[in-house]
>>> print(open('model00.pdb').read())   # PDB, C-alpha atoms
MODEL        1
ATOM      1  CA  GLN D   1     -27.608 -16.767  -5.702
ATOM      2  CA  VAL D   2     -24.056 -16.042  -4.585
ATOM      3  CA  GLN D   3     -23.024 -14.347  -1.372
ATOM      4  CA  LEU D   4     -19.589 -12.788  -1.113
ATOM      5  CA  VAL D   5     -17.802 -12.027   2.150
ATOM      6  CA  GLU D   6     -14.568 -10.048   2.106
ATOM      7  CA  SER D   7     -11.943 -10.049   4.830
ATOM      8  CA  GLY D   8      -8.356  -8.990   5.393
ATOM      9  CA  GLY D   9      -8.623  -5.219   5.290
ATOM     10  CA  GLY D  10      -7.031  -2.961   7.866
ATOM     11  CA  LEU D  11      -4.547  -0.223   8.586
ATOM     12  CA  VAL D  12      -1.048  -0.568   7.149
ATOM     13  CA  GLN D  13       1.915   1.744   6.707
ATOM     14  CA  PRO D  14       3.108   2.788   3.254
ATOM     15  CA  GLY D  15       5.258   0.049   1.777
ATOM     16  CA  GLY D  16       3.428  -2.635   3.712
ATOM     17  CA  SER D  17       1.330  -5.562   2.541
ATOM     18  CA  LEU D  18      -2.179  -6.884   2.985
ATOM     19  CA  ARG D  19      -3.974  -9.927   1.647
ATOM     20  CA  LEU D  20      -7.678  -9.642   0.986
ATOM     21  CA  SER D  21      -9.894 -12.708   0.774
ATOM     22  CA  CYS D  22     -13.370 -13.105  -0.652
ATOM     23  CA  ALA D  23     -15.286 -16.238   0.234
ATOM     24  CA  ALA D  24     -18.219 -17.127  -2.002
ATOM     25  CA  SER D  25     -21.208 -19.234  -1.093
ATOM     26  CA  GLY D  26     -23.363 -21.003  -3.622
ATOM     27  CA  SER D  27     -22.526 -23.228  -6.540
ATOM     28  CA  ASP D  28     -20.715 -22.798  -9.846
ATOM     29  CA  PHE D  29     -17.989 -20.552  -8.409
ATOM     30  CA  SER D  30     -15.594 -21.719 -11.093
ATOM     31  CA  LEU D  31     -17.830 -20.291 -13.817
ATOM     32  CA  TYR D  32     -17.650 -16.731 -12.519
ATOM     33  CA  THR D  33     -15.192 -14.032 -13.432
ATOM     34  CA  MET D  34     -14.028 -12.718 -10.066
ATOM     35  CA  ALA D  35     -12.867  -9.180  -9.569
ATOM     36  CA  TRP D  36     -11.784  -6.669  -6.967
ATOM     37  CA  PHE D  37     -13.011  -3.085  -7.142
ATOM     38  CA  ARG D  38     -12.218  -0.190  -4.848
ATOM     39  CA  ARG D  39     -13.718   3.144  -3.954
ATOM     40  CA  ALA D  40     -11.264   5.766  -2.756
ATOM     41  CA  PRO D  41     -12.541   8.662  -0.644
ATOM     42  CA  GLY D  42     -14.348  11.158  -2.869
ATOM     43  CA  LYS D  43     -13.968   9.009  -5.987
ATOM     44  CA  GLN D  44     -16.054   6.574  -7.965
ATOM     45  CA  ARG D  45     -15.655   2.849  -7.613
ATOM     46  CA  GLU D  46     -13.054   1.451 -10.014
ATOM     47  CA  LEU D  47     -11.976  -1.975 -11.170
ATOM     48  CA  VAL D  48      -8.642  -3.016  -9.665
ATOM     49  CA  ALA D  49      -8.133  -6.509 -11.049
ATOM     50  CA  PHE D  50      -9.996  -9.520 -12.308
ATOM     51  CA  VAL D  51      -9.387 -13.216 -12.821
ATOM     52  CA  ALA D  52     -11.458 -14.987 -15.435
ATOM     53  CA  ARG D  53     -12.737 -18.511 -14.987
ATOM     54  CA  GLY D  54      -9.896 -19.793 -17.166
ATOM     55  CA  GLY D  55      -7.326 -18.070 -14.967
ATOM     56  CA  LYS D  56      -6.511 -15.064 -17.134
ATOM     57  CA  THR D  57      -5.807 -11.998 -15.033
ATOM     58  CA  ASN D  58      -5.770  -8.274 -15.695
ATOM     59  CA  TYR D  59      -4.871  -5.228 -13.614
ATOM     60  CA  ILE D  60      -5.214  -1.497 -13.796
ATOM     61  CA  ASP D  61      -1.917   0.258 -14.420
ATOM     62  CA  PRO D  62      -1.492   1.815 -10.934
ATOM     63  CA  VAL D  63      -1.347  -1.619  -9.277
ATOM     64  CA  LYS D  64       0.572  -3.628 -11.863
ATOM     65  CA  GLY D  65       3.620  -5.256 -10.336
ATOM     66  CA  ARG D  66       2.329  -4.673  -6.793
ATOM     67  CA  PHE D  67      -0.994  -6.524  -6.611
ATOM     68  CA  THR D  68      -1.735 -10.148  -7.467
ATOM     69  CA  ILE D  69      -5.204 -11.601  -7.862
ATOM     70  CA  SER D  70      -5.714 -15.340  -7.583
ATOM     71  CA  ARG D  71      -8.524 -17.813  -7.095
ATOM     72  CA  ASP D  72      -8.934 -21.184  -5.439
ATOM     73  CA  ASN D  73     -11.955 -22.876  -6.962
ATOM     74  CA  ALA D  74     -11.784 -25.725  -4.468
ATOM     75  CA  LYS D  75     -12.271 -23.212  -1.648
ATOM     76  CA  ASN D  76     -14.635 -20.871  -3.514
ATOM     77  CA  THR D  77     -12.283 -18.043  -2.659
ATOM     78  CA  VAL D  78     -10.551 -15.222  -4.496
ATOM     79  CA  TYR D  79      -7.573 -13.339  -3.098
ATOM     80  CA  LEU D  80      -5.881 -10.020  -3.642
ATOM     81  CA  GLN D  81      -2.291  -9.856  -2.464
ATOM     82  CA  MET D  82      -1.297  -6.218  -2.140
ATOM     83  CA  ASN D  83       2.360  -5.329  -1.731
ATOM     84  CA  SER D  84       4.243  -2.019  -1.641
ATOM     85  CA  LEU D  85       1.057  -0.279  -0.625
ATOM     86  CA  LYS D  86       0.730   3.444  -1.199
ATOM     87  CA  THR D  87      -1.480   6.030   0.453
ATOM     88  CA  GLU D  88      -3.456   6.271  -2.771
ATOM     89  CA  ASP D  89      -4.472   2.620  -2.378
ATOM     90  CA  THR D  90      -6.680   3.651   0.546
ATOM     91  CA  GLY D  91     -10.338   2.849   0.047
ATOM     92  CA  VAL D  92     -13.088   0.316   0.443
ATOM     93  CA  TYR D  93     -12.349  -2.842  -1.529
ATOM     94  CA  TYR D  94     -15.238  -4.831  -2.961
ATOM     95  CA  CYS D  95     -15.362  -8.340  -4.308
ATOM     96  CA  ASN D  96     -17.441  -8.965  -7.438
ATOM     97  CA  ALA D  97     -18.652 -12.121  -9.156
ATOM     98  CA  ALA D  98     -19.958 -11.955 -12.712
ATOM     99  CA  TRP D  99     -21.289 -14.582 -15.115
ATOM    100  CA  ALA D 100     -23.595 -13.876 -18.048
ATOM    101  CA  THR D 101     -26.340 -11.627 -16.654
ATOM    102  CA  LEU D 102     -25.519 -12.459 -13.027
ATOM    103  CA  ASN D 103     -23.582  -9.940 -10.975
ATOM    104  CA  TYR D 104     -22.941 -10.058  -7.231
ATOM    105  CA  TRP D 105     -21.145  -7.785  -4.769
ATOM    106  CA  GLY D 106     -19.678  -8.176  -1.338
ATOM    107  CA  GLN D 107     -20.140  -5.644   1.436
ATOM    108  CA  GLY D 108     -16.605  -4.294   1.170
ATOM    109  CA  THR D 109     -13.568  -4.171   3.415
ATOM    110  CA  GLN D 110     -11.701  -1.014   4.388
ATOM    111  CA  VAL D 111      -8.025  -0.653   3.485
ATOM    112  CA  THR D 112      -6.207   2.325   4.965
ATOM    113  CA  VAL D 113      -2.609   3.059   4.053
ATOM    114  CA  SER D 114      -1.187   5.675   6.371
ATOM    115  CA  SER D 115       1.853   6.416   8.459
TER     116      SER D 115
ENDMDL
END
>>> encode(input="model00.pdb", output="structure tokens")
Amino acid sequence: QVQLVESGGGLVQPGGSLRLSCAASGSDFSLYTMAWFRRAPGKQRELVAFVARGGKTNYIDPVKGRFTISRDNAKNTVYLQMNSLKTEDTGVYYCNAAWATLNYWGQGTQVTVSS
């Protein structure tokens, strides 16, 4: 069993930055592919970025060059550094841990980009 707790969301102006953190409890964190999803108002939840257990990362096109996902296996934590934020980045951001048939979600953290 893995529990995920996100933090770092908030209100930021367009062009600003936020750093999201997701702390995982439980063992074998290093085995999980860790990902960030988001749900914008009125839209379905979508994958934003993931980091595999070997360190490979991938991003959706709208955030490439602006967002960076990273993990610290010693701290059981995954991060999402978000720069040059746009109003369309507004939404609830969820942390996800996946390994084989196991799949866990955090409760989400709100990110609002507005002037």
>>> residues_around(input="model00.pdb", residues="Gln1 in chain D", least_positions_apart="6", cutoff="10 Å", atoms="only C-alpha atoms", output="ChimeraX atom specification")
/D:25-27,102-104
>>> residues_around(input="model00.pdb", residues="Ala100 in chain D", least_positions_apart="5", cutoff="10 Å", atoms="only C-alpha atoms", output="NGL selection string")
:D and (31-33)
>>> residues_around(input="model00.pdb", residues="range 49-62 of chain D", least_positions_apart="4", cutoff="10 Å", atoms="only C-alpha atoms", output="PyMOL selection string")
chain D and resi 29-38+66-71+73+78-80+88-89+95-99
>>> write_last_selection(input="model00.pdb", atoms="C-alpha atoms", output="mmCIF file, in the coordinates of the input")
data_model
loop_
_atom_site.group_PDB
_atom_site.id
_atom_site.type_symbol
_atom_site.label_atom_id
_atom_site.label_comp_id
_atom_site.auth_asym_id
_atom_site.auth_seq_id
_atom_site.Cartn_x
_atom_site.Cartn_y
_atom_site.Cartn_z
ATOM 1 C CA PHE D 29 -17.989 -20.552 -8.409
ATOM 2 C CA SER D 30 -15.594 -21.719 -11.093
ATOM 3 C CA LEU D 31 -17.830 -20.291 -13.817
ATOM 4 C CA TYR D 32 -17.650 -16.731 -12.519
ATOM 5 C CA THR D 33 -15.192 -14.032 -13.432
ATOM 6 C CA MET D 34 -14.028 -12.718 -10.066
ATOM 7 C CA ALA D 35 -12.867 -9.180 -9.569
ATOM 8 C CA TRP D 36 -11.784 -6.669 -6.967
ATOM 9 C CA PHE D 37 -13.011 -3.085 -7.142
ATOM 10 C CA ARG D 38 -12.218 -0.190 -4.848
ATOM 11 C CA ARG D 66 2.329 -4.673 -6.793
ATOM 12 C CA PHE D 67 -0.994 -6.524 -6.611
ATOM 13 C CA THR D 68 -1.735 -10.148 -7.467
ATOM 14 C CA ILE D 69 -5.204 -11.601 -7.862
ATOM 15 C CA SER D 70 -5.714 -15.340 -7.583
ATOM 16 C CA ARG D 71 -8.524 -17.813 -7.095
ATOM 17 C CA ASN D 73 -11.955 -22.876 -6.962
ATOM 18 C CA VAL D 78 -10.551 -15.222 -4.496
ATOM 19 C CA TYR D 79 -7.573 -13.339 -3.098
ATOM 20 C CA LEU D 80 -5.881 -10.020 -3.642
ATOM 21 C CA GLU D 88 -3.456 6.271 -2.771
ATOM 22 C CA ASP D 89 -4.472 2.620 -2.378
ATOM 23 C CA CYS D 95 -15.362 -8.340 -4.308
ATOM 24 C CA ASN D 96 -17.441 -8.965 -7.438
ATOM 25 C CA ALA D 97 -18.652 -12.121 -9.156
ATOM 26 C CA ALA D 98 -19.958 -11.955 -12.712
ATOM 27 C CA TRP D 99 -21.289 -14.582 -15.115
#
>>> residues_near_point(input="model00.pdb", point="(-5.7, -5.6, 2.9)", cutoff="7 Å", atoms="all atoms listed in the file", output="PyMOL selection string")
chain D and resi 8-10+18-20+82+111
>>> atom_distance(input="model00.pdb", atom1="CA of Gly108 in chain D", atom2="CA of Ala23 in chain D")
12.1 Å
>>> atom_distance(input="model00.pdb", atom1="CA of Gly91 in chain D", atom2="CA of Asp28 in chain D")
29.4 Å
>>> axis_aligned_box(input="model00.pdb", around="range 88-92 of chain D", padding_each_side="3 Å", output="lines of an AutoDock Vina configuration file")
center_x = -8.3
center_y = 3.3
center_z = -1.1
size_x = 15.6
size_y = 12.0
size_z = 9.3
>>> atom_distance(input="model00.pdb", atom1="CA of Gln81 in chain D", atom2="CA of Ser21 in chain D")
8.7 Å
>>> closest_residue(input="model00.pdb", among="D:Thr90, D:Asn76, D:Lys64, D:Ala24", to="Pro41 in chain D", atoms="all atoms listed in the file")
D:Thr90
>>> closest_residue(input="model00.pdb", among="D:Thr77, D:Cys22, D:Lys86, D:Val48", to="Ser114 in chain D", atoms="only C-alpha atoms")
D:Lys86
>>> closest_residue(input="model00.pdb", among="D:Ser84, D:Thr101, D:Pro14, D:Val63", to="Ser115 in chain D", atoms="only C-alpha atoms")
D:Pro14
>>> closest_residue(input="model00.pdb", among="D:Ala74, D:Val92, D:Leu47, D:Leu85", to="Val12 in chain D", atoms="all atoms listed in the file")
D:Leu85
>>> closest_residue(input="model00.pdb", among="D:Thr87, D:Tyr93, D:Lys43, D:Asp72", to="Trp105 in chain D", atoms="only C-alpha atoms")
D:Tyr93
>>> closest_residue(input="model00.pdb", among="D:Ser17, D:Ser7, D:Gln107, D:Thr112", to="Asn83 in chain D", atoms="all atoms listed in the file")
D:Ser17
